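S.K.: Below is the file target_28.cif, with mmCIF, C-alpha atoms.
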```
data_start
loop_
_atom_site.label_atom_id
_atom_site.label_comp_id
_atom_site.auth_asym_id
_atom_site.auth_seq_id
_atom_site.Cartn_x
_atom_site.Cartn_y
_atom_site.Cartn_z
CA MET A 1 68.32 215.70 87.00
CA LYS A 2 64.66 215.95 86.47
CA ARG A 3 63.02 212.58 86.47
CA GLU A 4 60.67 211.90 83.66
CA PRO A 5 57.22 210.70 84.49
CA LEU A 6 56.79 206.98 84.96
CA ARG A 7 54.80 206.70 81.79
CA VAL A 8 57.67 208.12 79.72
CA ARG A 9 60.30 205.89 81.38
CA LYS A 10 58.15 202.86 80.74
CA LEU A 11 57.81 203.80 77.13
CA ASN A 12 61.55 204.35 76.81
CA ALA A 13 62.26 200.95 78.33
CA THR A 14 59.85 199.30 75.98
CA GLN A 15 61.45 201.10 73.09
CA LEU A 16 64.95 200.00 74.10
CA LEU A 17 63.81 196.41 74.36
CA ARG A 18 62.40 196.57 70.88
CA GLY A 19 65.71 197.86 69.58
CA GLY A 20 64.54 201.38 68.95
CA ASP A 21 66.17 204.53 70.27
CA LEU A 22 65.00 207.31 72.54
CA GLU A 23 64.94 209.98 69.89
CA GLY A 24 61.75 208.75 68.37
CA ALA A 25 62.97 206.71 65.46
CA ASN A 26 61.47 203.24 65.28
CA GLN A 27 58.65 204.40 67.45
CA PRO A 28 57.29 201.34 69.20
CA ALA A 29 53.70 200.51 69.46
CA HIS A 30 52.18 201.33 72.80
CA LEU A 31 52.20 198.40 75.16
CA GLU A 32 50.58 198.48 78.51
CA GLY A 33 49.81 196.33 81.50
CA GLN A 34 49.86 192.62 80.94
CA GLU A 35 50.86 193.02 77.33
CA LEU A 36 54.03 194.84 78.32
CA GLU A 37 54.79 192.36 81.08
CA ARG A 38 54.55 189.46 78.67
CA TYR A 39 56.67 191.35 76.19
CA VAL A 40 59.43 191.83 78.73
CA GLN A 41 59.28 188.25 79.98
CA GLU A 42 59.76 186.95 76.51
CA ARG A 43 62.90 188.98 76.00
CA VAL A 44 64.64 189.14 79.35
CA VAL A 45 66.17 186.29 81.35
CA THR A 46 67.14 186.89 84.94
CA THR A 47 69.41 184.49 86.74
CA THR A 48 72.17 184.36 89.28
CA LEU A 49 75.81 184.22 88.33
CA ASP A 50 76.24 180.88 90.10
CA SER A 51 73.52 179.16 88.17
CA ALA A 52 74.76 180.70 84.92
CA VAL A 53 78.22 179.34 85.65
CA ALA A 54 76.80 175.95 86.57
CA TRP A 55 74.85 175.93 83.34
CA ALA A 56 77.97 176.73 81.35
CA ARG A 57 80.07 174.17 83.17
CA SER A 58 77.52 171.43 82.87
CA ASN A 59 77.27 171.90 79.14
CA SER A 60 80.99 171.81 78.42
CA PHE A 61 82.64 168.98 80.29
CA PHE A 62 86.11 168.27 78.95
CA PRO A 63 86.53 164.52 79.49
CA LEU A 64 89.96 163.01 79.80
CA SER A 65 90.93 160.64 76.99
CA PHE A 66 91.25 157.67 79.25
CA GLY A 67 90.29 154.04 78.93
CA LEU A 68 91.23 151.11 81.13
CA ALA A 69 89.66 148.06 79.52
CA CYS A 70 86.75 146.85 77.42
CA CYS A 71 84.42 149.58 78.72
CA ALA A 72 86.58 152.03 76.82
CA MET A 73 85.25 150.56 73.57
CA GLU A 74 81.75 151.56 74.59
CA GLN A 75 83.06 154.91 75.73
CA PHE A 76 84.45 155.53 72.24
CA GLN A 77 81.03 154.82 70.83
CA THR A 78 79.54 157.73 72.75
CA ALA A 79 81.73 159.98 70.67
CA GLY A 80 80.71 158.21 67.49
CA PRO A 81 77.92 159.32 65.17
CA ARG A 82 75.19 157.20 66.74
CA MET A 83 75.35 158.61 70.24
CA ASP A 84 77.24 161.77 69.31
CA ILE A 85 78.33 163.15 72.66
CA ALA A 86 79.08 166.41 70.84
CA ARG A 87 75.36 167.19 70.92
CA PHE A 88 75.80 168.05 74.56
CA GLY A 89 79.14 169.78 74.27
CA TYR A 90 81.33 167.02 75.72
CA GLU A 91 83.23 166.10 72.58
CA ALA A 92 86.48 167.80 73.56
CA PHE A 93 88.34 164.75 74.90
CA ARG A 94 91.57 166.15 76.25
CA ALA A 95 94.85 164.30 76.15
CA SER A 96 96.13 165.94 79.31
CA PRO A 97 94.56 165.91 82.77
CA ARG A 98 95.54 169.54 83.09
CA GLN A 99 92.94 170.41 80.47
CA ALA A 100 90.22 168.02 81.57
CA ASP A 101 87.55 168.30 84.24
CA LEU A 102 85.82 164.93 83.86
CA ILE A 103 87.44 161.52 84.16
CA ILE A 104 85.51 158.47 83.00
CA LEU A 105 86.99 155.36 84.59
CA ALA A 106 86.16 152.97 81.78
CA GLY A 107 87.32 149.54 82.86
CA ARG A 108 88.83 147.61 85.72
CA VAL A 109 91.29 149.31 88.03
CA SER A 110 94.17 147.15 89.15
CA ILE A 111 95.89 147.93 92.40
CA LYS A 112 98.99 148.78 90.42
CA MET A 113 97.06 151.31 88.33
CA ALA A 114 95.21 152.92 91.23
CA PRO A 115 97.96 155.35 92.33
CA ILE A 116 98.41 156.46 88.74
CA ILE A 117 94.70 157.15 88.35
CA ARG A 118 94.66 159.01 91.63
CA ARG A 119 97.55 161.11 90.39
CA LEU A 120 95.74 161.89 87.12
CA TYR A 121 92.66 162.86 89.10
CA ASP A 122 94.69 165.12 91.36
CA GLN A 123 96.18 166.82 88.33
CA MET A 124 92.82 167.65 86.82
CA LEU A 125 91.32 171.11 86.88
CA GLU A 126 88.85 172.03 89.55
CA PRO A 127 85.91 171.85 89.50
CA LYS A 128 86.25 168.22 88.49
CA TRP A 129 84.04 165.19 88.33
CA ALA A 130 84.47 161.47 87.99
CA ILE A 131 82.27 158.80 86.46
CA SER A 132 82.89 155.17 87.31
CA MET A 133 81.85 153.18 84.26
CA GLY A 134 81.06 149.49 84.43
CA ALA A 135 80.82 146.88 87.12
CA CYS A 136 84.56 146.35 87.66
CA CYS A 137 85.28 149.93 88.46
CA SER A 138 82.46 150.22 90.99
CA SER A 139 82.42 146.81 92.62
CA MET A 140 85.19 144.82 90.86
CA GLY A 141 82.53 142.95 88.87
CA VAL A 142 83.47 139.32 88.33
CA PHE A 143 87.00 139.89 89.59
CA ASN A 144 86.78 139.49 93.33
CA ASN A 145 90.48 138.78 93.63
CA TYR A 146 93.89 140.11 94.51
CA ALA A 147 94.38 142.20 91.42
CA LEU A 148 91.61 144.80 91.44
CA VAL A 149 90.36 147.60 93.65
CA PRO A 150 87.05 149.47 93.43
CA SER A 151 87.53 153.09 92.47
CA ASP A 152 85.63 154.48 95.47
CA LYS A 153 88.48 153.24 97.61
CA PHE A 154 90.97 155.81 96.41
CA MET A 155 89.07 158.69 94.84
CA PRO A 156 85.68 160.40 94.97
CA VAL A 157 83.25 159.27 92.29
CA ASP A 158 80.15 161.27 91.36
CA VAL A 159 78.24 158.86 89.13
CA HIS A 160 78.40 155.07 88.90
CA VAL A 161 77.22 153.58 85.61
CA PRO A 162 76.44 149.87 86.02
CA GLY A 163 76.80 147.33 83.25
CA CYS A 164 79.31 144.88 81.87
CA PRO A 165 80.07 146.83 79.85
CA PRO A 166 77.38 149.52 79.88
CA ARG A 167 76.00 150.37 76.49
CA PRO A 168 76.83 153.83 75.16
CA GLU A 169 73.27 154.86 75.97
CA ALA A 170 73.90 153.98 79.61
CA LEU A 171 77.06 156.04 79.71
CA MET A 172 75.20 158.97 78.13
CA HIS A 173 72.53 158.58 80.79
CA GLY A 174 75.25 158.76 83.43
CA VAL A 175 76.81 161.82 81.86
CA LEU A 176 73.44 163.55 81.66
CA LYS A 177 72.79 162.63 85.31
CA LEU A 178 76.04 164.35 86.11
CA ARG A 179 74.93 167.36 84.09
CA LYS A 180 71.75 167.52 86.13
CA MET A 181 73.74 167.27 89.34
CA VAL A 182 75.97 170.14 88.31
CA GLN A 183 73.07 172.29 87.15
CA ASP A 184 70.69 171.70 90.02
CA ASP A 185 73.23 171.74 92.79
CA PRO A 186 76.22 173.92 91.99
CA ASP A 187 77.28 173.72 95.62
CA MET A 188 77.60 169.98 95.32
CA GLY A 189 81.21 169.81 96.32
CA TRP A 190 83.06 166.56 96.74
CA ARG A 191 85.40 168.30 99.14
CA ASP A 192 82.50 168.70 101.51
CA ARG A 193 81.20 165.23 100.90
CA TYR A 194 84.61 163.69 101.47
CA GLY A 195 85.78 166.05 104.18
CA ALA A 196 88.65 167.14 101.95
CA ARG A 197 88.81 170.85 102.62
CA GLY A 198 92.38 172.07 102.40
CA THR A 199 93.58 169.41 100.00
CA GLU A 200 93.59 171.69 96.99
CA GLU A 201 96.64 171.55 94.80
CA VAL A 202 98.72 174.70 95.09
CA LEU A 203 101.34 175.24 92.46
CA PRO A 204 104.74 176.47 93.62
CA GLY A 205 104.78 180.25 93.67
CA ALA A 206 101.02 180.56 93.46
CA GLY A 207 100.20 181.46 97.01
CA ARG A 208 96.56 181.36 98.02
CA THR A 209 96.58 184.25 100.45
CA GLY A 210 94.09 186.87 99.41
CA ALA A 211 93.51 185.36 96.01
CA VAL A 212 89.81 185.38 95.28
CA ASN A 213 88.04 183.64 92.49
CA ALA A 214 86.19 185.91 90.11
CA VAL A 215 83.10 183.76 90.43
CA GLY A 216 81.14 184.07 93.60
CA GLY A 217 83.96 185.48 95.69
CA HIS A 218 85.15 182.06 96.79
CA PRO A 219 88.82 181.67 97.55
CA ILE A 220 90.68 180.07 94.66
CA GLY A 221 90.55 176.32 94.88
CA ASP A 222 87.32 176.54 96.81
CA THR A 223 85.23 176.31 93.70
CA ALA A 224 81.57 176.00 94.33
CA GLY A 225 80.88 173.38 91.73
CA ALA A 226 83.81 171.16 92.55
CA MET B 227 104.34 115.49 69.01
CA PRO B 228 106.72 112.67 69.60
CA ASP B 229 104.59 109.56 70.00
CA ALA B 230 104.96 107.42 73.11
CA THR B 231 107.87 105.51 71.63
CA GLY B 232 109.59 108.68 70.48
CA LEU B 233 109.26 110.13 73.96
CA GLU B 234 110.90 107.08 75.48
CA LEU B 235 113.70 107.35 72.95
CA ILE B 236 114.31 110.96 73.91
CA ALA B 237 114.23 110.05 77.60
CA GLN B 238 116.65 107.19 77.03
CA ALA B 239 119.01 109.43 75.08
CA LEU B 240 118.92 111.92 77.94
CA ARG B 241 119.64 109.20 80.47
CA THR B 242 122.64 107.91 78.60
CA ALA B 243 124.04 111.28 77.53
CA GLU B 244 123.57 113.24 80.74
CA GLY B 245 123.17 110.60 83.41
CA GLU B 246 126.33 108.65 82.71
CA ALA B 247 128.40 111.72 82.00
CA GLN B 248 127.76 113.29 85.39
CA ALA B 249 127.56 110.14 87.46
CA SER B 250 124.72 111.71 89.40
CA GLY B 251 121.97 109.57 88.06
CA SER B 252 119.45 110.18 85.36
CA PRO B 253 118.00 113.66 84.98
CA VAL B 254 114.69 112.15 83.86
CA ILE B 255 112.44 111.09 86.71
CA GLU B 256 109.43 110.07 84.72
CA THR B 257 107.87 110.21 81.29
CA VAL B 258 104.19 110.89 80.84
CA PHE B 259 102.32 110.44 77.59
CA PHE B 260 98.77 111.65 77.91
CA ARG B 261 96.33 112.49 75.13
CA GLY B 262 99.00 112.82 72.50
CA ARG B 263 101.17 115.01 74.65
CA GLY B 264 104.65 113.95 75.69
CA THR B 265 106.04 115.16 78.99
CA LEU B 266 109.41 114.70 80.63
CA VAL B 267 109.55 115.12 84.39
CA VAL B 268 113.12 116.02 85.29
CA GLU B 269 115.33 116.77 88.26
CA PRO B 270 115.15 120.50 89.07
CA ASP B 271 118.90 121.00 89.32
CA ARG B 272 119.46 119.44 85.87
CA ILE B 273 117.04 121.60 83.95
CA ARG B 274 119.73 123.49 82.06
CA THR B 275 121.39 120.38 80.69
CA VAL B 276 118.04 118.85 79.78
CA LEU B 277 116.93 121.90 77.86
CA ALA B 278 120.32 122.17 76.16
CA HIS B 279 120.05 118.55 75.09
CA LEU B 280 116.54 119.06 73.72
CA ARG B 281 117.69 122.14 71.85
CA GLU B 282 120.28 120.05 70.09
CA ARG B 283 117.56 117.62 69.11
CA GLY B 284 115.72 120.43 67.33
CA TYR B 285 113.49 121.85 70.06
CA THR B 286 114.93 125.31 69.62
CA PHE B 287 111.92 127.45 70.49
CA MET B 288 110.65 127.96 74.01
CA ALA B 289 106.95 128.57 73.54
CA SER B 290 106.07 129.04 77.18
CA LEU B 291 107.35 128.82 80.72
CA HIS B 292 104.81 128.75 83.48
CA GLY B 293 104.18 127.70 87.05
CA VAL B 294 101.80 125.37 88.86
CA ASP B 295 100.90 124.98 92.50
CA TYR B 296 100.20 121.34 93.42
CA TYR B 297 99.11 122.21 96.96
CA PRO B 298 98.80 120.22 99.22
CA HIS B 299 101.17 117.75 97.56
CA GLU B 300 104.91 117.95 97.96
CA PRO B 301 107.10 118.93 96.24
CA ARG B 302 104.55 121.59 95.88
CA LEU B 303 105.50 124.05 93.16
CA GLY B 304 106.00 123.11 89.54
CA VAL B 305 107.64 124.86 86.63
CA ILE B 306 106.69 123.80 83.13
CA TYR B 307 108.69 124.45 79.98
CA GLU B 308 107.00 124.06 76.61
CA LEU B 309 109.44 123.53 73.76
CA LEU B 310 108.71 123.56 70.05
CA ASP B 311 110.62 122.11 67.11
CA MET B 312 109.75 124.56 64.41
CA ASN B 313 111.00 122.39 61.52
CA SER B 314 108.79 119.39 62.26
CA VAL B 315 106.21 121.34 64.29
CA ASP B 316 106.83 119.03 67.18
CA ARG B 317 106.19 119.94 70.81
CA ILE B 318 107.49 118.55 74.06
CA THR B 319 106.79 119.49 77.66
CA VAL B 320 109.39 119.48 80.41
CA LYS B 321 108.21 119.62 84.01
CA LEU B 322 109.99 119.93 87.30
CA ARG B 323 108.82 120.17 90.89
CA VAL B 324 110.40 122.11 93.76
CA PRO B 325 109.44 121.97 97.44
CA SER B 326 107.75 124.99 99.00
CA ALA B 327 110.35 125.05 101.76
CA ALA B 328 113.11 125.87 99.27
CA PRO B 329 111.45 126.87 95.99
CA GLU B 330 114.63 127.39 94.01
CA VAL B 331 115.59 126.35 90.53
CA ASP B 332 118.28 127.42 88.08
CA SER B 333 117.24 130.16 85.71
CA VAL B 334 117.45 129.22 82.04
CA THR B 335 117.62 132.84 80.91
CA PRO B 336 121.39 133.52 80.97
CA ASP B 337 124.03 131.80 78.90
CA THR B 338 125.84 129.25 81.07
CA PRO B 339 128.49 126.58 80.59
CA ASP B 340 125.62 124.09 80.44
CA GLY B 341 124.25 125.70 77.31
CA ALA B 342 123.01 128.85 75.69
CA GLY B 343 120.25 130.79 77.45
CA TRP B 344 116.63 131.19 76.46
CA PRO B 345 116.00 134.95 76.35
CA THR B 346 112.24 134.54 76.26
CA ALA B 347 112.37 132.95 79.70
CA ASP B 348 113.35 136.28 81.22
CA HIS B 349 109.92 137.81 81.69
CA GLN B 350 108.17 134.48 82.13
CA GLU B 351 110.44 133.47 84.98
CA ARG B 352 109.74 136.83 86.56
CA GLU B 353 106.04 136.12 86.26
CA VAL B 354 106.40 132.68 87.89
CA PHE B 355 108.41 134.31 90.65
CA ASP B 356 105.75 136.99 91.07
CA MET B 357 102.76 134.66 91.11
CA PHE B 358 104.18 131.51 92.75
CA GLY B 359 107.31 132.60 94.55
CA VAL B 360 109.69 130.28 92.72
CA VAL B 361 113.17 131.78 92.94
CA PHE B 362 115.24 131.41 89.79
CA ARG B 363 118.93 131.32 90.60
CA ASP B 364 121.18 133.53 88.43
CA HIS B 365 118.26 135.28 86.83
CA PRO B 366 119.59 138.63 85.55
CA ASP B 367 116.73 140.73 86.94
CA LEU B 368 114.43 138.82 89.27
CA ARG B 369 111.78 141.35 90.26
CA ARG B 370 108.01 141.31 90.36
CA ILE B 371 106.57 141.90 86.92
CA LEU B 372 102.80 142.16 87.38
CA MET B 373 102.08 143.01 90.99
CA PRO B 374 103.31 146.21 92.64
CA GLU B 375 106.88 146.11 93.89
CA ASP B 376 105.83 146.35 97.52
CA TYR B 377 103.19 143.63 97.28
CA GLU B 378 103.37 140.88 99.86
CA GLY B 379 102.70 137.26 99.02
CA HIS B 380 102.38 135.31 95.80
CA PRO B 381 98.75 135.53 94.71
CA GLN B 382 98.49 132.48 92.45
CA ARG B 383 99.42 130.07 95.22
CA ARG B 384 96.45 128.01 96.16
CA ASP B 385 96.60 128.91 99.83
CA PHE B 386 96.48 132.62 99.01
CA PRO B 387 93.23 134.04 100.39
CA ILE B 388 90.40 134.32 97.88
CA GLY B 389 88.69 137.65 97.57
CA GLY B 390 89.93 141.17 97.36
CA GLU B 391 89.04 144.60 98.60
CA PRO B 392 85.63 144.72 100.27
CA VAL B 393 83.19 146.54 98.02
CA LEU B 394 81.52 149.65 99.36
CA PHE B 395 77.80 150.12 98.94
CA THR B 396 75.42 152.57 100.54
CA PHE B 397 74.85 150.39 103.58
CA ASN B 398 78.53 150.23 104.50
CA GLU B 399 79.47 153.64 103.21
CA SER B 400 80.42 154.73 106.69
CA GLU B 401 83.54 152.62 106.44
CA THR B 402 84.97 154.76 103.69
CA HIS B 403 86.64 158.12 103.64
CA GLY B 404 83.39 159.56 102.33
CA SER B 405 81.80 159.67 105.75
CA ARG B 406 84.28 161.93 107.46
#
```
For the file at hand, write its structure as structure tokens.
M.R.:
Amino acid sequence: MKREPLRVRKLNATQLLRGGDLEGANQPAHLEGQELERYVQERVVTTTLDSAVAWARSNSFFPLSFGLACCAMEQFQTAGPRMDIARFGYEAFRASPRQADLIILAGRVSIKMAPIIRRLYDQMLEPKWAISMGACCSSMGVFNNYALVPSDKFMPVDVHVPGCPPRPEALMHGVLKLRKMVQDDPDMGWRDRYGARGTEEVLPGAGRTGAVNAVGGHPIGDTAGA
Amino acid sequence: MPDATGLELIAQALRTAEGEAQASGSPVIETVFFRGRGTLVVEPDRIRTVLAHLRERGYTFMASLHGVDYYPHEPRLGVIYELLDMNSVDRITVKLRVPSAAPEVDSVTPDTPDGAGWPTADHQEREVFDMFGVVFRDHPDLRRILMPEDYEGHPQRRDFPIGGEPVLFTFNESETHGSR
């Protein structure tokens, strides 16, 4: 196939970008040099698939509908009209851990509740994140006694939001911190941080041999953003 | 509330009705009237008959059953029964003490020959057992109610160690699973 001269190909590209066709209809104006470069930059975004996926993930957390104590009241407020968590795409509070990828531990964790929370966390989709909300959940707050356990003791936590309870603004700040973590560092994997490679949940019958995730060629369960 | 005289009358009625009938002495050890509140301190093994007697006098509602640890005094553990007469809105407190060596007392939950049971005592006796380790004889289902089933110790006893799980911060992060 005979290659057209560079000048013609450039013109054709410009024309396609402007929405015209090659046959001459909607003939574009001639753009050259810096003008053309600026024109293209304004209309084309280049990125990598990983960062595109991280961007999509970070703007659509599905939090688990989950409250433990008084902090949950403030957590509800983030979904209310004043804070409006839906602005950022996090309004889909799921009733099942199987549909959620963010757990907000809003309240104090008793040692009797801890295994249940760990089980909920294990059931969540990967990649998954956890926010520890309030003083009790991070450091047991005022309850330094037999009944409570800090959440870091039994599960990985990505963001700690201090306060007793934190105001909804504080929780939003924590959630947006998490968004920044997911966007800036898609390889931020808690499995690496916690030395938990090989602990992925495998459903019966869903063998992992040879299965490859569509995104980034990672093996399934080895999700980059987890 | 029964006033101080009324409390003595109740105690005297208990002494005559129960003490003479069983020939084992009076079930009432002591009466305390403090800040408008009447309290009967009774023998632990007579608690069922005492409560049955008070029920007949109109105290038909058990408002609360709870435990106390009088450490280091002996007998160390206490169980307190709060009764309410709902017709005259009249309250009375019944206390007993059991030694820590053998912290056992009859349960008042089931119906017994000594009198009808108090169903509300079921969960509250379990709580006293959980927190203080008082064993209630003949309780229908004496298990822990608040702490995990495999928990060791009774955390509301005063010699139970204060403090809980050590909190992890950045400086001692290496002690957690996060450092592996």
S.K.: Running the PyMOL selection byres ((chain B and resi 235-246) around 9) on this model by hand, what would come out? Give it as a compact mmCIF listing (two decimals) with C-alpha atoms, in the coordinates of the input.
M.R.:
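The resulting file, part_16.txt, is shown below:
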```txt
# COMPACT_ATOMS: atom_id res chain seq x y z
CA PRO B 228 106.72 112.67 69.60
CA ALA B 230 104.96 107.42 73.11
CA THR B 231 107.87 105.51 71.63
CA GLY B 232 109.59 108.68 70.48
CA LEU B 233 109.26 110.13 73.96
CA GLU B 234 110.90 107.08 75.48
CA ALA B 247 128.40 111.72 82.00
CA GLN B 248 127.76 113.29 85.39
CA ALA B 249 127.56 110.14 87.46
CA SER B 250 124.72 111.71 89.40
CA GLY B 251 121.97 109.57 88.06
CA SER B 252 119.45 110.18 85.36
CA PRO B 253 118.00 113.66 84.98
CA VAL B 254 114.69 112.15 83.86
CA GLU B 256 109.43 110.07 84.72
CA THR B 257 107.87 110.21 81.29
CA LEU B 266 109.41 114.70 80.63
CA THR B 275 121.39 120.38 80.69
CA VAL B 276 118.04 118.85 79.78
CA HIS B 279 120.05 118.55 75.09
CA LEU B 280 116.54 119.06 73.72
CA ARG B 283 117.56 117.62 69.11
```
S.K.: I need every residue sitting at most 10 Å from the point (95.9, 128.7, 96.8) (coordinates as in the file, all atoms listed in the file considered), written as a list in words.
M.R.: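 Output: Asp295, Tyr296, Tyr297, Pro298, Phe358, His380, Pro381, Gln382, Arg383, Arg384, Asp385, Phe386, Pro387 and Ile388 of chain B.
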S.K.: Using the selection just defined, write its residues with C-alpha atoms as a PDB file, in the frame of the given file.
M.R.:
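Saved result, again18.pdb, follows:
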```pdb
ATOM      1  CA  ASP B 295     100.900 124.980  92.500  1.00  0.00           C
ATOM      2  CA  TYR B 296     100.200 121.340  93.420  1.00  0.00           C
ATOM      3  CA  TYR B 297      99.110 122.210  96.960  1.00  0.00           C
ATOM      4  CA  PRO B 298      98.800 120.220  99.220  1.00  0.00           C
ATOM      5  CA  PHE B 358     104.180 131.510  92.750  1.00  0.00           C
ATOM      6  CA  HIS B 380     102.380 135.310  95.800  1.00  0.00           C
ATOM      7  CA  PRO B 381      98.750 135.530  94.710  1.00  0.00           C
ATOM      8  CA  GLN B 382      98.490 132.480  92.450  1.00  0.00           C
ATOM      9  CA  ARG B 383      99.420 130.070  95.220  1.00  0.00           C
ATOM     10  CA  ARG B 384      96.450 128.010  96.160  1.00  0.00           C
ATOM     11  CA  ASP B 385      96.600 128.910  99.830  1.00  0.00           C
ATOM     12  CA  PHE B 386      96.480 132.620  99.010  1.00  0.00           C
ATOM     13  CA  PRO B 387      93.230 134.040 100.390  1.00  0.00           C
ATOM     14  CA  ILE B 388      90.400 134.320  97.880  1.00  0.00           C
TER      15      ILE B 388
END
```
S.K.: Given only C-alpha atoms, how would the per-residue table for chain A near chain B read, listing every residue at most 8 Å away with its closest atom pair and distance in Å to one decimal, sorted by chain and number, as a Markdown table?
M.R.:
```
| residue | atom | partner | partner_atom | distance |
| --- | --- | --- | --- | --- |
| A:Ile111 | CA | B:Pro374 | CA | 7.6 |
| A:Lys112 | CA | B:Pro374 | CA | 5.5 |
| A:Ser138 | CA | B:Val393 | CA | 8.0 |
| A:Ser139 | CA | B:Val393 | CA | 5.5 |
| A:Met140 | CA | B:Val393 | CA | 7.6 |
| A:Asn144 | CA | B:Gly389 | CA | 5.0 |
| A:Asn145 | CA | B:Gly390 | CA | 4.5 |
| A:Tyr146 | CA | B:Gly390 | CA | 5.0 |
| A:Ala147 | CA | B:Gly390 | CA | 7.5 |
| A:Leu148 | CA | B:Gly390 | CA | 7.1 |
| A:Val149 | CA | B:Glu391 | CA | 5.9 |
| A:Pro150 | CA | B:Val393 | CA | 6.7 |
| A:Asp152 | CA | B:Leu394 | CA | 7.4 |
| A:Lys153 | CA | B:Thr402 | CA | 7.2 |
| A:Pro156 | CA | B:Gly404 | CA | 7.8 |
| A:Arg193 | CA | B:Gly404 | CA | 6.2 |
| A:Tyr194 | CA | B:Gly404 | CA | 4.4 |
| A:Gly195 | CA | B:Arg406 | CA | 5.5 |
```
S.K.: Mind giving me the straight-line distance from atom CA of B:Arg323 to atom CA of B:Tyr285 in Å, one decimal?
M.R.: 21.4 Å
S.K.: In Å, how far is it from atom CA of B:Arg352 to atom CA of B:Lys321?
M.R.: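 Spanning atom CA of B:Arg352 to atom CA of B:Lys321 is a straight-line distance of 17.5 Å.
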S.K.: Written as a list in words, which residues does the PyMOL selection byres ((chain B and resi 364) around 9) give for the file shown?
M.R.: Asp332, Ser333, Val334, Thr335, Pro336, Phe362, Arg363, His365, Pro366, Asp367 and Leu368 of chain B
S.K.: Hey, what comes out of the PyMOL selection byres ((chain A and resi 160) around 12) on this file? Could you write it as a compact mmCIF listing (two decimals) with C-alpha atoms, in the frame of the given file?
M.R.:
```
# COMPACT_ATOMS: atom_id res chain seq x y z
CA ILE A 104 85.51 158.47 83.00
CA LEU A 105 86.99 155.36 84.59
CA ALA A 106 86.16 152.97 81.78
CA TRP A 129 84.04 165.19 88.33
CA ALA A 130 84.47 161.47 87.99
CA ILE A 131 82.27 158.80 86.46
CA SER A 132 82.89 155.17 87.31
CA MET A 133 81.85 153.18 84.26
CA GLY A 134 81.06 149.49 84.43
CA ALA A 135 80.82 146.88 87.12
CA CYS A 136 84.56 146.35 87.66
CA CYS A 137 85.28 149.93 88.46
CA SER A 138 82.46 150.22 90.99
CA SER A 139 82.42 146.81 92.62
CA PRO A 150 87.05 149.47 93.43
CA SER A 151 87.53 153.09 92.47
CA ASP A 152 85.63 154.48 95.47
CA PRO A 156 85.68 160.40 94.97
CA VAL A 157 83.25 159.27 92.29
CA ASP A 158 80.15 161.27 91.36
CA VAL A 159 78.24 158.86 89.13
CA VAL A 161 77.22 153.58 85.61
CA PRO A 162 76.44 149.87 86.02
CA GLY A 163 76.80 147.33 83.25
CA PRO A 166 77.38 149.52 79.88
CA ALA A 170 73.90 153.98 79.61
CA LEU A 171 77.06 156.04 79.71
CA MET A 172 75.20 158.97 78.13
CA HIS A 173 72.53 158.58 80.79
CA GLY A 174 75.25 158.76 83.43
CA VAL A 175 76.81 161.82 81.86
CA LYS A 177 72.79 162.63 85.31
CA LEU A 178 76.04 164.35 86.11
CA PHE B 395 77.80 150.12 98.94
```
S.K.: How many Å separate atom CA of A:Arg108 from atom CA of A:Cys71?
M.R.: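 Interatomic distance here is 8.5 Å.
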S.K.: Could you tell me which of B:Glu330, B:Asp348, B:Glu308, B:Asp340 comes closest to B:Leu291 if we count all atoms listed in the file?
M.R.: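 Of the candidates, the smallest distance to B:Leu291 is held by B:Glu308.
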S.K.: Using the structure block above, produce a file of stretch 229-235 of chain B that contains N, CA, C and O atoms, as an mmCIF file, in the first residue's frame.
M.R.:
```
data_model
loop_
_atom_site.group_PDB
_atom_site.id
_atom_site.type_symbol
_atom_site.label_atom_id
_atom_site.label_comp_id
_atom_site.auth_asym_id
_atom_site.auth_seq_id
_atom_site.Cartn_x
_atom_site.Cartn_y
_atom_site.Cartn_z
ATOM 1 N N ASP B 229 -40.518 2.711 105.375
ATOM 2 C CA ASP B 229 -39.650 3.513 106.237
ATOM 3 C C ASP B 229 -38.907 2.580 107.196
ATOM 4 O O ASP B 229 -39.055 1.352 107.131
ATOM 5 N N ALA B 230 -38.099 3.133 108.080
ATOM 6 C CA ALA B 230 -37.267 2.295 108.933
ATOM 7 C C ALA B 230 -38.120 1.356 109.777
ATOM 8 O O ALA B 230 -37.789 0.171 109.943
ATOM 9 N N THR B 231 -39.245 1.836 110.252
ATOM 10 C CA THR B 231 -40.113 0.979 111.054
ATOM 11 C C THR B 231 -40.721 -0.118 110.203
ATOM 12 O O THR B 231 -40.762 -1.291 110.602
ATOM 13 N N GLY B 232 -41.153 0.259 108.997
ATOM 14 C CA GLY B 232 -41.747 -0.736 108.107
ATOM 15 C C GLY B 232 -40.761 -1.832 107.763
ATOM 16 O O GLY B 232 -41.113 -3.016 107.673
ATOM 17 N N LEU B 233 -39.501 -1.435 107.581
ATOM 18 C CA LEU B 233 -38.476 -2.435 107.260
ATOM 19 C C LEU B 233 -38.305 -3.409 108.419
ATOM 20 O O LEU B 233 -38.207 -4.626 108.209
ATOM 21 N N GLU B 234 -38.301 -2.881 109.639
ATOM 22 C CA GLU B 234 -38.166 -3.773 110.790
ATOM 23 C C GLU B 234 -39.366 -4.698 110.899
ATOM 24 O O GLU B 234 -39.219 -5.879 111.260
ATOM 25 N N LEU B 235 -40.539 -4.188 110.551
ATOM 26 C CA LEU B 235 -41.723 -5.048 110.595
ATOM 27 C C LEU B 235 -41.601 -6.188 109.603
ATOM 28 O O LEU B 235 -41.932 -7.342 109.912
#
```
